[in-house]
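Following: one structure in structure tokens, then a few remarks.
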Amino acid sequence: MLLIDENGEKQGVMPLAAALDAAREASMDLVEVSAGQETPVVKILDYGKLRFEERKKKAAARKKQKSSELKEIKIRPNIDTHDYEVKARAIARFFEEGDKVKITLRFRGREMAHQHLGMELLEKVKKDFEETAKVELEPKLEGKQMTMVLAPR
């Protein structure tokens with residue numbers, strides 16, 4: 001086997017017993033680095049320290065991952081312009097954070113007779129955010145509410 005010492009220098013090809021003796025002398029562990037070759041490569045290092053560093057790297061990678069959440073904005077078909085602007089700012093903030101947004105438009109009572117107003121409102125939202133978001137789920141009517149899902153670009 002090809003032995004690499006604790007300093008990263010090649011010690012050459014030697015039998016397993018000699019490699020184990022070298023690892024005991026350094027009071028470290030003998031770890032197999034590459035087994036798929038005709039001469040396996042082993043390295044003298046502190047195995048506990050190696051496992052600790054690998055766990056730390058995995059934890060850091062997991063910490064950096066951002067899972068996108070699905071945020072919901074509820075509106076009504078006869079929403080006032082200022083109220084719409086407040087909701088639009090919230091939607092923009094969600095997109096900046098990398099979250100998807102589900103827009104739920106709820107109809108009450110006689111508003112069901114004017115579903116075209118709800119569709120026009122959702123089309124307006126789609127048009128307002130066409131640069132920053134893509135439509136993941138087109139507007140569709142489910143019972144007394146209309147939903148649409150937007151995802152950040």
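For the structure tokens, the naming scheme is as follows: chains receive sequential letters (A, B, ...) according to their order of presentation, residues are indexed from 1 within each chain, and ligands are indexed from 1 in presentation order.
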Excluding Ile73 in chain A and residues on its chain fewer than 6 positions from it, collect all residues at most 10 Å away from it, counting only C-alpha atoms, and give them as a PyMOL selection string. chain A and resi 87-88+90-91+101-105+147
May I have the selected residues written with all heavy atoms, as a PDB file, in the first residue's frame?
ATOM      1  N   LYS A  87     -50.625  44.999   0.096  1.00  0.00           N
ATOM      2  CA  LYS A  87     -50.473  43.568  -0.195  1.00  0.00           C
ATOM      3  C   LYS A  87     -49.365  43.345  -1.220  1.00  0.00           C
ATOM      4  O   LYS A  87     -48.589  42.394  -1.115  1.00  0.00           O
ATOM      5  CB  LYS A  87     -51.783  42.972  -0.725  1.00  0.00           C
ATOM      6  CG  LYS A  87     -52.960  43.074   0.209  1.00  0.00           C
ATOM      7  CD  LYS A  87     -52.906  42.050   1.296  1.00  0.00           C
ATOM      8  CE  LYS A  87     -54.199  42.123   2.113  1.00  0.00           C
ATOM      9  NZ  LYS A  87     -54.234  41.119   3.159  1.00  0.00           N
ATOM     10  N   ALA A  88     -49.270  44.232  -2.225  1.00  0.00           N
ATOM     11  CA  ALA A  88     -48.236  44.110  -3.262  1.00  0.00           C
ATOM     12  C   ALA A  88     -46.847  44.260  -2.656  1.00  0.00           C
ATOM     13  O   ALA A  88     -45.910  43.556  -3.045  1.00  0.00           O
ATOM     14  CB  ALA A  88     -48.459  45.141  -4.360  1.00  0.00           C
ATOM     15  N   ALA A  90     -46.022  43.474   0.401  1.00  0.00           N
ATOM     16  CA  ALA A  90     -45.773  42.227   1.137  1.00  0.00           C
ATOM     17  C   ALA A  90     -45.353  41.108   0.184  1.00  0.00           C
ATOM     18  O   ALA A  90     -44.414  40.353   0.472  1.00  0.00           O
ATOM     19  CB  ALA A  90     -47.017  41.820   1.916  1.00  0.00           C
ATOM     20  N   ILE A  91     -46.009  41.039  -0.963  1.00  0.00           N
ATOM     21  CA  ILE A  91     -45.663  40.016  -1.961  1.00  0.00           C
ATOM     22  C   ILE A  91     -44.230  40.234  -2.448  1.00  0.00           C
ATOM     23  O   ILE A  91     -43.445  39.287  -2.553  1.00  0.00           O
ATOM     24  CB  ILE A  91     -46.663  40.048  -3.134  1.00  0.00           C
ATOM     25  CG1 ILE A  91     -48.040  39.587  -2.676  1.00  0.00           C
ATOM     26  CG2 ILE A  91     -46.178  39.187  -4.295  1.00  0.00           C
ATOM     27  CD1 ILE A  91     -49.151  39.805  -3.689  1.00  0.00           C
ATOM     28  N   VAL A 101     -45.495  32.592  -3.254  1.00  0.00           N
ATOM     29  CA  VAL A 101     -46.670  33.282  -2.727  1.00  0.00           C
ATOM     30  C   VAL A 101     -47.926  32.672  -3.347  1.00  0.00           C
ATOM     31  O   VAL A 101     -48.039  32.558  -4.561  1.00  0.00           O
ATOM     32  CB  VAL A 101     -46.614  34.796  -3.030  1.00  0.00           C
ATOM     33  CG1 VAL A 101     -47.859  35.485  -2.517  1.00  0.00           C
ATOM     34  CG2 VAL A 101     -45.379  35.423  -2.423  1.00  0.00           C
ATOM     35  N   LYS A 102     -48.867  32.298  -2.463  1.00  0.00           N
ATOM     36  CA  LYS A 102     -50.171  31.810  -2.904  1.00  0.00           C
ATOM     37  C   LYS A 102     -51.157  32.952  -2.665  1.00  0.00           C
ATOM     38  O   LYS A 102     -51.331  33.395  -1.530  1.00  0.00           O
ATOM     39  CB  LYS A 102     -50.584  30.587  -2.099  1.00  0.00           C
ATOM     40  CG  LYS A 102     -51.959  30.059  -2.437  1.00  0.00           C
ATOM     41  CD  LYS A 102     -52.286  28.870  -1.564  1.00  0.00           C
ATOM     42  CE  LYS A 102     -53.653  28.318  -1.869  1.00  0.00           C
ATOM     43  NZ  LYS A 102     -53.976  27.186  -0.997  1.00  0.00           N
ATOM     44  N   ILE A 103     -51.778  33.423  -3.726  1.00  0.00           N
ATOM     45  CA  ILE A 103     -52.733  34.514  -3.612  1.00  0.00           C
ATOM     46  C   ILE A 103     -54.127  33.900  -3.628  1.00  0.00           C
ATOM     47  O   ILE A 103     -54.510  33.226  -4.587  1.00  0.00           O
ATOM     48  CB  ILE A 103     -52.550  35.522  -4.754  1.00  0.00           C
ATOM     49  CG1 ILE A 103     -51.146  36.095  -4.675  1.00  0.00           C
ATOM     50  CG2 ILE A 103     -53.586  36.620  -4.662  1.00  0.00           C
ATOM     51  CD1 ILE A 103     -50.662  36.736  -5.914  1.00  0.00           C
ATOM     52  N   THR A 104     -54.852  34.118  -2.546  1.00  0.00           N
ATOM     53  CA  THR A 104     -56.201  33.577  -2.403  1.00  0.00           C
ATOM     54  C   THR A 104     -57.185  34.726  -2.471  1.00  0.00           C
ATOM     55  O   THR A 104     -57.118  35.658  -1.677  1.00  0.00           O
ATOM     56  CB  THR A 104     -56.354  32.839  -1.056  1.00  0.00           C
ATOM     57  OG1 THR A 104     -55.351  31.837  -0.967  1.00  0.00           O
ATOM     58  CG2 THR A 104     -57.717  32.204  -0.942  1.00  0.00           C
ATOM     59  N   LEU A 105     -58.086  34.655  -3.434  1.00  0.00           N
ATOM     60  CA  LEU A 105     -59.109  35.672  -3.606  1.00  0.00           C
ATOM     61  C   LEU A 105     -60.433  35.041  -3.198  1.00  0.00           C
ATOM     62  O   LEU A 105     -60.868  34.069  -3.803  1.00  0.00           O
ATOM     63  CB  LEU A 105     -59.142  36.111  -5.074  1.00  0.00           C
ATOM     64  CG  LEU A 105     -60.011  37.307  -5.361  1.00  0.00           C
ATOM     65  CD1 LEU A 105     -59.174  38.349  -6.061  1.00  0.00           C
ATOM     66  CD2 LEU A 105     -61.178  36.924  -6.205  1.00  0.00           C
ATOM     67  N   THR A 147     -57.521  30.826  -6.555  1.00  0.00           N
ATOM     68  CA  THR A 147     -56.132  30.815  -6.090  1.00  0.00           C
ATOM     69  C   THR A 147     -55.165  30.869  -7.270  1.00  0.00           C
ATOM     70  O   THR A 147     -55.474  30.422  -8.374  1.00  0.00           O
ATOM     71  CB  THR A 147     -55.816  29.567  -5.262  1.00  0.00           C
ATOM     72  OG1 THR A 147     -56.097  28.411  -6.049  1.00  0.00           O
ATOM     73  CG2 THR A 147     -56.618  29.514  -3.986  1.00  0.00           C
TER      74      THR A 147
END
Env of range 49-62 of chain A: 12 Å cut, atoms = only C-alpha atoms, seq-sep filter 3 positions within chain, self excluded. Answer as a PyMOL selection string. chain A and resi 28-31+43-46+65-67
Find the residues near Ala113 in chain A: any atom within 12 Å, counting only C-alpha atoms, skip ones fewer than 5 places away on the same chain, and give them as JSON, numbers by chain. {"A": [77, 107, 108, 118, 144]}
Residues as selected, N, CA, C and O atoms, written as a short mmCIF file (atom, residue, chain, number, x, y, z; two decimals), in the first residue's frame, can you do that?
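The resulting file, selection.cif, is reproduced below:
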data_model
loop_
_atom_site.label_atom_id
_atom_site.label_comp_id
_atom_site.auth_asym_id
_atom_site.auth_seq_id
_atom_site.Cartn_x
_atom_site.Cartn_y
_atom_site.Cartn_z
N PRO A 77 -62.32 40.63 -4.02
CA PRO A 77 -62.44 41.20 -5.37
C PRO A 77 -62.61 42.71 -5.39
O PRO A 77 -62.17 43.37 -6.32
N PHE A 107 -64.48 35.04 -2.47
CA PHE A 107 -65.76 35.65 -2.84
C PHE A 107 -66.75 35.44 -1.70
O PHE A 107 -66.79 34.37 -1.09
N ARG A 108 -67.57 36.47 -1.44
CA ARG A 108 -68.63 36.35 -0.43
C ARG A 108 -69.96 36.73 -1.05
O ARG A 108 -70.04 37.72 -1.78
N GLY A 118 -62.75 39.13 -10.07
CA GLY A 118 -61.67 38.42 -9.37
C GLY A 118 -60.58 38.00 -10.34
O GLY A 118 -59.39 38.13 -10.03
N LYS A 144 -65.64 28.79 -3.35
CA LYS A 144 -65.87 30.23 -3.24
C LYS A 144 -64.58 31.03 -3.27
O LYS A 144 -64.58 32.22 -2.94
#
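Proximity ranking of A:Lys126, A:Gln37, A:Val42, A:Lys71 relative to Glu6 in chain A places A:Val42 first, based on only C-alpha atoms.
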Within chain A, find each residue whose DSSP state, derived from the backbone, is strand (DSSP E), and express the selection as an MDAnalysis selection string. chainID A and resid 2:4 10:13 29:34 41:45 70:75 100:106 133:142 145:152
I need the chosen residues saved as a compact mmCIF listing (two decimals), in the first residue's frame, with N, CA and C atoms.
# COMPACT_ATOMS: atom_id res chain seq x y z
N LEU A 2 0.33 2.30 -0.60
CA LEU A 2 1.04 3.58 -0.66
C LEU A 2 0.70 4.35 0.61
N LEU A 3 1.73 4.74 1.36
CA LEU A 3 1.52 5.41 2.64
C LEU A 3 1.80 6.90 2.51
N ILE A 4 0.88 7.70 3.06
CA ILE A 4 1.07 9.15 3.13
C ILE A 4 1.09 9.49 4.62
N LYS A 10 4.48 11.60 0.73
CA LYS A 10 4.44 10.19 0.35
C LYS A 10 5.64 9.46 0.97
N GLN A 11 5.37 8.32 1.61
CA GLN A 11 6.43 7.51 2.21
C GLN A 11 6.76 6.32 1.33
N GLY A 12 5.96 6.10 0.30
CA GLY A 12 6.24 5.02 -0.63
C GLY A 12 5.34 3.82 -0.40
N VAL A 13 5.55 2.77 -1.22
CA VAL A 13 4.75 1.56 -1.15
C VAL A 13 5.36 0.64 -0.10
N ASP A 29 -4.11 7.37 13.64
CA ASP A 29 -4.83 6.27 12.99
C ASP A 29 -4.39 6.12 11.54
N LEU A 30 -4.55 4.90 11.03
CA LEU A 30 -4.26 4.62 9.63
C LEU A 30 -5.61 4.54 8.91
N VAL A 31 -5.84 5.47 7.96
CA VAL A 31 -7.12 5.56 7.28
C VAL A 31 -6.91 5.28 5.80
N GLU A 32 -7.78 4.43 5.24
CA GLU A 32 -7.72 4.12 3.82
C GLU A 32 -8.40 5.24 3.04
N VAL A 33 -7.64 5.88 2.16
CA VAL A 33 -8.15 7.02 1.40
C VAL A 33 -8.73 6.56 0.08
N SER A 34 -8.03 5.69 -0.62
CA SER A 34 -8.48 5.23 -1.93
C SER A 34 -8.25 3.73 -2.04
N VAL A 41 -4.32 3.42 -1.22
CA VAL A 41 -3.64 4.55 -0.61
C VAL A 41 -4.15 4.69 0.82
N VAL A 42 -3.20 4.74 1.78
CA VAL A 42 -3.56 4.92 3.18
C VAL A 42 -2.85 6.16 3.71
N LYS A 43 -3.47 6.77 4.72
CA LYS A 43 -2.92 8.03 5.24
C LYS A 43 -2.91 7.96 6.76
N ILE A 44 -1.89 8.52 7.36
CA ILE A 44 -1.80 8.60 8.82
C ILE A 44 -2.43 9.92 9.23
N LEU A 45 -3.52 9.84 10.03
CA LEU A 45 -4.17 11.05 10.53
C LEU A 45 -5.00 10.73 11.75
N LEU A 70 -44.12 28.60 1.39
CA LEU A 70 -45.27 29.06 0.63
C LEU A 70 -46.03 30.04 1.52
N LYS A 71 -45.95 31.32 1.19
CA LYS A 71 -46.66 32.35 1.95
C LYS A 71 -48.00 32.59 1.28
N GLU A 72 -48.98 32.97 2.08
CA GLU A 72 -50.32 33.18 1.52
C GLU A 72 -50.77 34.62 1.74
N ILE A 73 -51.30 35.22 0.69
CA ILE A 73 -51.89 36.55 0.75
C ILE A 73 -53.37 36.40 0.41
N LYS A 74 -54.23 36.93 1.29
CA LYS A 74 -55.66 36.83 1.05
C LYS A 74 -56.20 38.20 0.65
N ILE A 75 -56.95 38.22 -0.43
CA ILE A 75 -57.56 39.47 -0.91
C ILE A 75 -59.02 39.22 -1.25
N LYS A 100 -42.28 31.42 -2.14
CA LYS A 100 -43.39 31.40 -3.09
C LYS A 100 -44.58 32.08 -2.44
N VAL A 101 -45.50 32.59 -3.25
CA VAL A 101 -46.67 33.28 -2.73
C VAL A 101 -47.93 32.67 -3.35
N LYS A 102 -48.87 32.30 -2.46
CA LYS A 102 -50.17 31.81 -2.90
C LYS A 102 -51.16 32.95 -2.66
N ILE A 103 -51.78 33.42 -3.73
CA ILE A 103 -52.73 34.51 -3.61
C ILE A 103 -54.13 33.90 -3.63
N THR A 104 -54.85 34.12 -2.55
CA THR A 104 -56.20 33.58 -2.40
C THR A 104 -57.19 34.73 -2.47
N LEU A 105 -58.09 34.66 -3.43
CA LEU A 105 -59.11 35.67 -3.61
C LEU A 105 -60.43 35.04 -3.20
N ARG A 106 -61.03 35.56 -2.14
CA ARG A 106 -62.25 34.96 -1.58
C ARG A 106 -63.49 35.76 -1.99
N ALA A 133 -41.44 37.57 -10.79
CA ALA A 133 -42.00 36.26 -10.46
C ALA A 133 -42.58 35.57 -11.68
N LYS A 134 -42.62 34.25 -11.60
CA LYS A 134 -43.26 33.47 -12.66
C LYS A 134 -44.48 32.76 -12.06
N VAL A 135 -45.48 32.57 -12.89
CA VAL A 135 -46.72 31.93 -12.42
C VAL A 135 -46.48 30.43 -12.37
N GLU A 136 -46.61 29.88 -11.18
CA GLU A 136 -46.43 28.44 -11.01
C GLU A 136 -47.75 27.69 -11.15
N LEU A 137 -48.83 28.33 -10.70
CA LEU A 137 -50.15 27.74 -10.82
C LEU A 137 -51.10 28.83 -11.29
N GLU A 138 -51.66 28.66 -12.46
CA GLU A 138 -52.57 29.66 -13.03
C GLU A 138 -53.80 29.85 -12.14
N PRO A 139 -54.45 31.02 -12.23
CA PRO A 139 -55.65 31.25 -11.40
C PRO A 139 -56.74 30.23 -11.71
N LYS A 140 -57.30 29.65 -10.64
CA LYS A 140 -58.40 28.71 -10.84
C LYS A 140 -59.39 28.84 -9.68
N LEU A 141 -60.65 28.60 -10.00
CA LEU A 141 -61.72 28.74 -9.02
C LEU A 141 -61.93 27.41 -8.30
N GLU A 142 -61.90 27.46 -6.96
CA GLU A 142 -62.16 26.28 -6.14
C GLU A 142 -63.23 26.66 -5.14
N GLN A 145 -63.48 30.39 -3.64
CA GLN A 145 -62.23 31.15 -3.71
C GLN A 145 -61.44 30.81 -4.97
N MET A 146 -60.67 31.79 -5.39
CA MET A 146 -59.83 31.67 -6.57
C MET A 146 -58.38 31.73 -6.09
N THR A 147 -57.52 30.83 -6.56
CA THR A 147 -56.13 30.81 -6.09
C THR A 147 -55.17 30.87 -7.27
N MET A 148 -53.97 31.42 -6.97
CA MET A 148 -52.90 31.49 -7.94
C MET A 148 -51.59 31.41 -7.14
N VAL A 149 -50.60 30.69 -7.65
CA VAL A 149 -49.31 30.59 -6.97
C VAL A 149 -48.23 31.21 -7.86
N LEU A 150 -47.43 32.10 -7.25
CA LEU A 150 -46.32 32.75 -7.93
C LEU A 150 -45.02 32.34 -7.25
N ALA A 151 -43.96 32.15 -8.04
CA ALA A 151 -42.65 31.79 -7.50
C ALA A 151 -41.64 32.82 -7.98
N PRO A 152 -40.64 33.15 -7.15
CA PRO A 152 -39.65 34.15 -7.58
C PRO A 152 -38.79 33.63 -8.73
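Interatomic distance, CA of Glu96 in chain A to CA of Asp80 in chain A: 24.5 Å.
Straight-line separation from CA of Glu130 in chain A to CA of Phe95 in chain A: 11.9 Å.
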Hey, can you check how far CA of Tyr47 in chain A sits from CA of Ala18 in chain A? 18.9 Å
Using only C-alpha atoms, pick whichever of A:Glu69, A:Gly143, A:Glu131, A:Ala26 has the shortest atom-to-atom distance to Asn7 in chain A. A:Ala26
Using DSSP assignments from the backbone, pull out every residue in range 69-127 of chain A that falls under helix (DSSP H, G or I) and give it to me as a compact mmCIF listing (two decimals) with C-alpha atoms, in the first residue's frame.
# COMPACT_ATOMS: atom_id res chain seq x y z
CA THR A 81 -56.11 50.65 -4.22
CA HIS A 82 -54.18 51.43 -1.02
CA ASP A 83 -54.95 48.01 0.42
CA TYR A 84 -53.79 46.43 -2.85
CA GLU A 85 -50.52 48.39 -2.68
CA VAL A 86 -49.90 47.18 0.89
CA LYS A 87 -50.47 43.57 -0.19
CA ALA A 88 -48.24 44.11 -3.26
CA ARG A 89 -45.40 45.34 -1.03
CA ALA A 90 -45.77 42.23 1.14
CA ILE A 91 -45.66 40.02 -1.96
CA ALA A 92 -42.51 41.80 -3.19
CA ARG A 93 -40.87 41.28 0.22
CA PHE A 94 -41.70 37.56 0.10
CA PHE A 95 -40.08 37.28 -3.34
CA GLU A 96 -36.93 39.02 -2.05
CA GLY A 109 -72.34 36.32 -1.14
CA ARG A 110 -73.27 38.10 -4.35
CA GLU A 111 -69.62 38.55 -5.35
CA MET A 112 -69.85 35.03 -6.84
CA ALA A 113 -71.95 36.54 -9.65
CA HIS A 114 -68.95 38.74 -10.61
CA GLN A 115 -66.14 36.22 -10.88
CA HIS A 116 -64.71 38.15 -13.83
CA LEU A 117 -63.69 40.93 -11.37
CA GLY A 118 -61.67 38.42 -9.37
CA MET A 119 -59.99 37.09 -12.51
CA GLU A 120 -59.13 40.65 -13.58
CA LEU A 121 -57.58 41.32 -10.17
CA LEU A 122 -55.42 38.19 -10.34
CA GLU A 123 -54.38 39.11 -13.88
CA LYS A 124 -53.36 42.54 -12.54
CA VAL A 125 -51.23 40.89 -9.84
CA LYS A 126 -49.67 38.64 -12.50
CA LYS A 127 -48.89 41.66 -14.71
